[in-house]
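Colleague: Structure in structure tokens, see below.
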Amino acid sequence: MSRNADELAALIRARAGDAPVRAGLVLGSGLGHLADAVDGVSIDYADLPGFPHAGVSGHNPKLVIGDLEGCRVAVFGGRAHYYESGRGDAMRLPLEVLSALGADTLFLTNAAGSMREDIPPGDLMLLSDHINFSGLNPLIGEPSDARFVPMKDAYDPAIRSAITQAAAAEGIDLKDGVYAWYSGPSFETPAEIRAIRTLGADAVGMSTVPEVILARFLGLRVAAVSTITNMAAGMSDEAISHDHTKAMAPLGAAKLEKILRRVLSAL
Ligand code: HPA
């Protein structure tokens with residue numbers, strides 16, 4: 001753990017209280033307002049040296065520490081993407097801070113394009129695994145042997161099962177699938193989509209995978225859910241754009257909030 005992460009954790013505790021955080025929640029494009037569901041202390045990323053800057057529209061660059069369904073959480077209203085800086089480890093410091101605050105569990109959310117006709121826009125997809133189509137890795141340059149992170153069951157089977165049960169209890173259709181990380185910021189070509197579909201991916205997006213690798217490196221248990229905002233390039237006549245992503249993400253956000261509340265109340 002870097003000294004900086006411990007210092008930032010101390011700064012956060014001084015503002016939000018000493019009680020250890022149980023779980024972290026990273027909000028994806030168009031999902032940033034979920035941070036407002038938490039009754040707690042809000043700290044702008046700008047007040048946390050090393051945290052992502054203004055970032056991408058549709059994100060909400062603040063950290064909220066507080067209670068959600070009786071569980072003390074740290075909600076990251078926005079993330080840093082590889083495509084903003086060229087740094088695969090852009091989320092390392094925030095995740096180190098989460099770990100320093102005491103968390104052992106991380107929920108990641110994102111907006112994604114679907115390659116499955118039975119997971120249409122507006123639906124959610126629970127990640128069962130991923131394909132790192134970017135070829136990048138946030139641990140390149142990490143000197144310790146801890147860099148050789150095993151990635152089998154990176155998406156924690158017990159939390160996945162809790163999420164599946166919570167969705168069923170809420171009457172929400174939740175399929176699981178494999179997420180492919182594509183670096184962005186340009187969207188994929190139809191040929192790339194055909195290629196990753198053939199390789200076994202069900203959804204595609206520009207985030208999450210480096211965070212999963214970093215979180216496993218830090219010993220956090222991980223679960224991730226995509227909110228499907230569009231069919232991937234070439235799969236429908238609808239034009240793909242960031243505006244469309246931001247407009248569609250809230251369709252999944254309401255369902256996601258219900259599922260998360262149930263899972264957190266039982267954590
Ligand atoms: N591709 C990559 N990222 C995305 C997409 C997509 O189709 N939709 C939302 N985020």
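For the structure tokens, the naming scheme is as follows: chains receive sequential letters (A, B, ...) according to their order of presentation, residues are indexed from 1 within each chain, and ligands are indexed from 1 in presentation order.
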Region 32-208 of chain A: which residues are alpha helix (DSSP H) by DSSP, as an mmCIF file with N, CA and C atoms, in the first residue's frame?

Modeller:
data_model
loop_
_atom_site.group_PDB
_atom_site.id
_atom_site.type_symbol
_atom_site.label_atom_id
_atom_site.label_comp_id
_atom_site.auth_asym_id
_atom_site.auth_seq_id
_atom_site.Cartn_x
_atom_site.Cartn_y
_atom_site.Cartn_z
ATOM 1 N N TYR A 82 -8.641 4.153 -18.842
ATOM 2 C CA TYR A 82 -7.347 4.087 -19.520
ATOM 3 C C TYR A 82 -7.253 5.136 -20.624
ATOM 4 N N TYR A 83 -8.349 5.313 -21.364
ATOM 5 C CA TYR A 83 -8.299 6.178 -22.548
ATOM 6 C C TYR A 83 -8.141 7.665 -22.214
ATOM 7 N N GLU A 84 -8.285 8.028 -20.946
ATOM 8 C CA GLU A 84 -8.120 9.437 -20.584
ATOM 9 C C GLU A 84 -6.653 9.817 -20.448
ATOM 10 N N SER A 85 -5.827 8.846 -20.043
ATOM 11 C CA SER A 85 -4.438 9.184 -19.695
ATOM 12 C C SER A 85 -3.411 8.265 -20.343
ATOM 13 N N ARG A 92 -5.689 2.820 -9.589
ATOM 14 C CA ARG A 92 -4.977 2.127 -8.504
ATOM 15 C C ARG A 92 -5.089 2.858 -7.165
ATOM 16 N N LEU A 93 -4.840 4.169 -7.175
ATOM 17 C CA LEU A 93 -4.867 4.901 -5.906
ATOM 18 C C LEU A 93 -6.255 4.845 -5.246
ATOM 19 N N PRO A 94 -7.348 5.160 -5.985
ATOM 20 C CA PRO A 94 -8.663 5.063 -5.328
ATOM 21 C C PRO A 94 -8.930 3.674 -4.738
ATOM 22 N N LEU A 95 -8.505 2.623 -5.414
ATOM 23 C CA LEU A 95 -8.767 1.272 -4.894
ATOM 24 C C LEU A 95 -7.858 0.959 -3.704
ATOM 25 N N GLU A 96 -6.645 1.482 -3.725
ATOM 26 C CA GLU A 96 -5.776 1.324 -2.543
ATOM 27 C C GLU A 96 -6.382 2.048 -1.338
ATOM 28 N N VAL A 97 -6.957 3.215 -1.608
ATOM 29 C CA VAL A 97 -7.588 3.972 -0.519
ATOM 30 C C VAL A 97 -8.776 3.184 0.041
ATOM 31 N N LEU A 98 -9.546 2.590 -0.854
ATOM 32 C CA LEU A 98 -10.692 1.768 -0.420
ATOM 33 C C LEU A 98 -10.229 0.652 0.511
ATOM 34 N N SER A 99 -9.168 -0.005 0.113
ATOM 35 C CA SER A 99 -8.629 -1.084 0.922
ATOM 36 C C SER A 99 -8.125 -0.536 2.264
ATOM 37 N N ALA A 100 -7.460 0.619 2.232
ATOM 38 C CA ALA A 100 -6.943 1.220 3.470
ATOM 39 C C ALA A 100 -8.075 1.640 4.405
ATOM 40 N N PRO A 157 -17.606 -15.976 -6.783
ATOM 41 C CA PRO A 157 -18.798 -16.813 -6.978
ATOM 42 C C PRO A 157 -19.883 -16.578 -5.921
ATOM 43 N N ALA A 158 -19.489 -16.352 -4.665
ATOM 44 C CA ALA A 158 -20.509 -16.179 -3.617
ATOM 45 C C ALA A 158 -21.266 -14.858 -3.809
ATOM 46 N N ILE A 159 -20.566 -13.801 -4.152
ATOM 47 C CA ILE A 159 -21.278 -12.526 -4.350
ATOM 48 C C ILE A 159 -22.128 -12.599 -5.620
ATOM 49 N N ARG A 160 -21.608 -13.284 -6.646
ATOM 50 C CA ARG A 160 -22.408 -13.433 -7.874
ATOM 51 C C ARG A 160 -23.713 -14.141 -7.566
ATOM 52 N N SER A 161 -23.622 -15.167 -6.739
ATOM 53 C CA SER A 161 -24.830 -15.902 -6.410
ATOM 54 C C SER A 161 -25.782 -15.021 -5.589
ATOM 55 N N ALA A 162 -25.229 -14.202 -4.675
ATOM 56 C CA ALA A 162 -26.084 -13.286 -3.900
ATOM 57 C C ALA A 162 -26.774 -12.276 -4.832
ATOM 58 N N ILE A 163 -26.051 -11.812 -5.844
ATOM 59 C CA ILE A 163 -26.622 -10.841 -6.786
ATOM 60 C C ILE A 163 -27.725 -11.506 -7.625
ATOM 61 N N THR A 164 -27.470 -12.735 -8.065
ATOM 62 C CA THR A 164 -28.465 -13.462 -8.858
ATOM 63 C C THR A 164 -29.739 -13.669 -8.042
ATOM 64 N N GLN A 165 -29.565 -14.050 -6.777
ATOM 65 C CA GLN A 165 -30.740 -14.267 -5.915
ATOM 66 C C GLN A 165 -31.484 -12.957 -5.656
ATOM 67 N N ALA A 166 -30.735 -11.881 -5.449
ATOM 68 C CA ALA A 166 -31.376 -10.586 -5.196
ATOM 69 C C ALA A 166 -32.190 -10.152 -6.415
ATOM 70 N N ALA A 167 -31.634 -10.374 -7.608
ATOM 71 C CA ALA A 167 -32.359 -9.994 -8.832
ATOM 72 C C ALA A 167 -33.639 -10.809 -8.946
ATOM 73 N N ALA A 168 -33.561 -12.102 -8.667
ATOM 74 C CA ALA A 168 -34.752 -12.956 -8.755
ATOM 75 C C ALA A 168 -35.805 -12.485 -7.757
ATOM 76 N N ALA A 169 -35.357 -12.144 -6.540
ATOM 77 C CA ALA A 169 -36.307 -11.696 -5.512
ATOM 78 C C ALA A 169 -36.989 -10.397 -5.917
ATOM 79 N N PRO A 190 -17.620 -2.826 -36.455
ATOM 80 C CA PRO A 190 -18.409 -4.067 -36.557
ATOM 81 C C PRO A 190 -17.519 -5.305 -36.697
ATOM 82 N N ALA A 191 -16.396 -5.186 -37.390
ATOM 83 C CA ALA A 191 -15.511 -6.348 -37.535
ATOM 84 C C ALA A 191 -14.907 -6.746 -36.188
ATOM 85 N N GLU A 192 -14.553 -5.747 -35.384
ATOM 86 C CA GLU A 192 -14.028 -6.058 -34.043
ATOM 87 C C GLU A 192 -15.093 -6.738 -33.191
ATOM 88 N N ILE A 193 -16.319 -6.265 -33.325
ATOM 89 C CA ILE A 193 -17.408 -6.890 -32.550
ATOM 90 C C ILE A 193 -17.594 -8.340 -33.002
ATOM 91 N N ARG A 194 -17.587 -8.582 -34.306
ATOM 92 C CA ARG A 194 -17.715 -9.974 -34.769
ATOM 93 C C ARG A 194 -16.577 -10.823 -34.210
ATOM 94 N N ALA A 195 -15.381 -10.226 -34.167
ATOM 95 C CA ALA A 195 -14.211 -10.970 -33.673
ATOM 96 C C ALA A 195 -14.365 -11.323 -32.186
ATOM 97 N N ILE A 196 -14.712 -10.342 -31.351
ATOM 98 C CA ILE A 196 -14.770 -10.657 -29.908
ATOM 99 C C ILE A 196 -15.989 -11.504 -29.561
ATOM 100 N N ARG A 197 -17.024 -11.405 -30.390
ATOM 101 C CA ARG A 197 -18.181 -12.278 -30.195
ATOM 102 C C ARG A 197 -17.758 -13.730 -30.447
ATOM 103 N N THR A 198 -17.001 -13.913 -31.501
ATOM 104 C CA THR A 198 -16.503 -15.261 -31.834
ATOM 105 C C THR A 198 -15.591 -15.789 -30.731
#

Colleague: Please identify all protein, DNA and RNA residues within 10 Å of ligand 1, counting only C-alpha atoms and all ligand atoms, and report them as a ChimeraX atom specification.

Modeller: /A:28-30,110-115,121,180-189,193,203-207,226-235,239-246,248-249

Colleague: Show me, as an MDAnalysis selection string, the residues that have an atom within 7 Å of Asp129 (chain A) when counting only C-alpha atoms, minus same-chain residues fewer than 3 positions from it.

Modeller: chainID A and resid 155 177:179

Colleague: Need the shell around Glu211 (chain A): protein/DNA/RNA residues with any atom at most 9 Å away, counting only C-alpha atoms. Skip same-chain ones fewer than 4 positions apart. Format as a short mmCIF file (atom, residue, chain, number, x, y, z; two decimals) with N, CA, C and O atoms, in the first residue's frame?

Modeller:
data_model
loop_
_atom_site.label_atom_id
_atom_site.label_comp_id
_atom_site.auth_asym_id
_atom_site.auth_seq_id
_atom_site.Cartn_x
_atom_site.Cartn_y
_atom_site.Cartn_z
N ASP A 89 -3.23 1.86 -14.91
CA ASP A 89 -3.43 1.78 -13.45
C ASP A 89 -4.09 3.05 -12.90
O ASP A 89 -3.92 3.41 -11.74
N ALA A 90 -4.87 3.73 -13.76
CA ALA A 90 -5.46 5.02 -13.38
C ALA A 90 -6.34 4.92 -12.13
O ALA A 90 -6.52 5.90 -11.42
N MET A 91 -6.88 3.73 -11.83
CA MET A 91 -7.74 3.60 -10.65
C MET A 91 -7.01 2.95 -9.46
O MET A 91 -7.64 2.60 -8.47
N ARG A 92 -5.69 2.82 -9.59
CA ARG A 92 -4.98 2.13 -8.50
C ARG A 92 -5.09 2.86 -7.17
O ARG A 92 -5.39 2.25 -6.14
N LEU A 95 -8.51 2.62 -5.41
CA LEU A 95 -8.77 1.27 -4.89
C LEU A 95 -7.86 0.96 -3.70
O LEU A 95 -8.27 0.28 -2.76
N LEU A 108 -18.42 -3.22 -8.93
CA LEU A 108 -18.12 -2.36 -10.07
C LEU A 108 -19.33 -2.31 -10.99
O LEU A 108 -20.01 -3.33 -11.19
N PRO A 138 -2.90 -3.20 -15.76
CA PRO A 138 -2.59 -2.14 -14.78
C PRO A 138 -1.43 -2.50 -13.86
O PRO A 138 -0.96 -1.64 -13.12
N SER A 207 -14.00 -0.11 -19.59
CA SER A 207 -13.55 0.05 -18.20
C SER A 207 -13.52 -1.30 -17.49
O SER A 207 -13.45 -2.35 -18.12
N ALA A 215 -8.08 -4.81 -8.07
CA ALA A 215 -8.79 -5.20 -6.84
C ALA A 215 -8.35 -6.59 -6.38
O ALA A 215 -8.16 -6.83 -5.19
N ARG A 216 -8.18 -7.51 -7.32
CA ARG A 216 -7.71 -8.85 -6.94
C ARG A 216 -6.28 -8.77 -6.40
O ARG A 216 -5.93 -9.46 -5.45
#

Colleague: For a quick check of understanding, using only C-alpha atoms, which of A:Lys152, A:Arg262, A:His130, A:Arg116 has the smallest distance to Glu170 (chain A)?

Modeller: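 Looking only at the distances to Glu170 (chain A), the closest residue turns out to be A:Arg262.
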
Colleague: Kindly give the distance, in Å, that separates CA of Leu220 (chain A) and CA of Ala74 (chain A), rounded to a single decimal.

Modeller: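 Atom-to-atom, CA of Leu220 (chain A) to CA of Ala74 (chain A), that is 13.6 Å.
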
Colleague: Could you go through region 71-196 of chain A and tell me which residues DSSP, when run on the backbone, assigns to strand (DSSP E or B), listing them as a ChimeraX atom specification?

Modeller: /A:71-76,105-114,124-131,155,174-181

Colleague: So what do you get for CA of Gly171 (chain A) versus CA of Val225 (chain A), distance-wise?

Modeller: 16.5 Å

Colleague: Could you give me, as a ChimeraX atom specification, the residues within 10 Å of region 12-22 of chain A, counting only C-alpha atoms and dropping anything in the same chain fewer than 5 positions from it?

Modeller: /A:6-7,40-43,47-48,63-67,71-74,97-106,264,267

Colleague: Just how far from CA of Leu260 (chain A) is CA of His53 (chain A), in Å to one decimal?

Modeller: 26.6 Å

Colleague: Under the rule that only C-alpha atoms are counted, which of A:Ile172, A:Gly141, A:Asn4, A:Ser134 is the nearest residue to Glu257 (chain A)?

Modeller: A:Ile172

Colleague: Hey, which of A:Ile140, A:Ala266, A:Leu251, A:Ala35 ends up closest to Arg87 (chain A)? Count only C-alpha atoms.

Modeller: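 Of A:Ile140, A:Ala266, A:Leu251, A:Ala35, the one nearest Arg87 (chain A), counting only C-alpha atoms, is A:Ile140.
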
Colleague: Counting only C-alpha atoms, figure out which residue out of A:Ala201, A:Leu256, A:Leu139, A:Ile213 gets nearest to Asp173 (chain A).

Modeller: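 When distances to Asp173 (chain A) are compared using only C-alpha atoms, the smallest one comes from A:Leu256.
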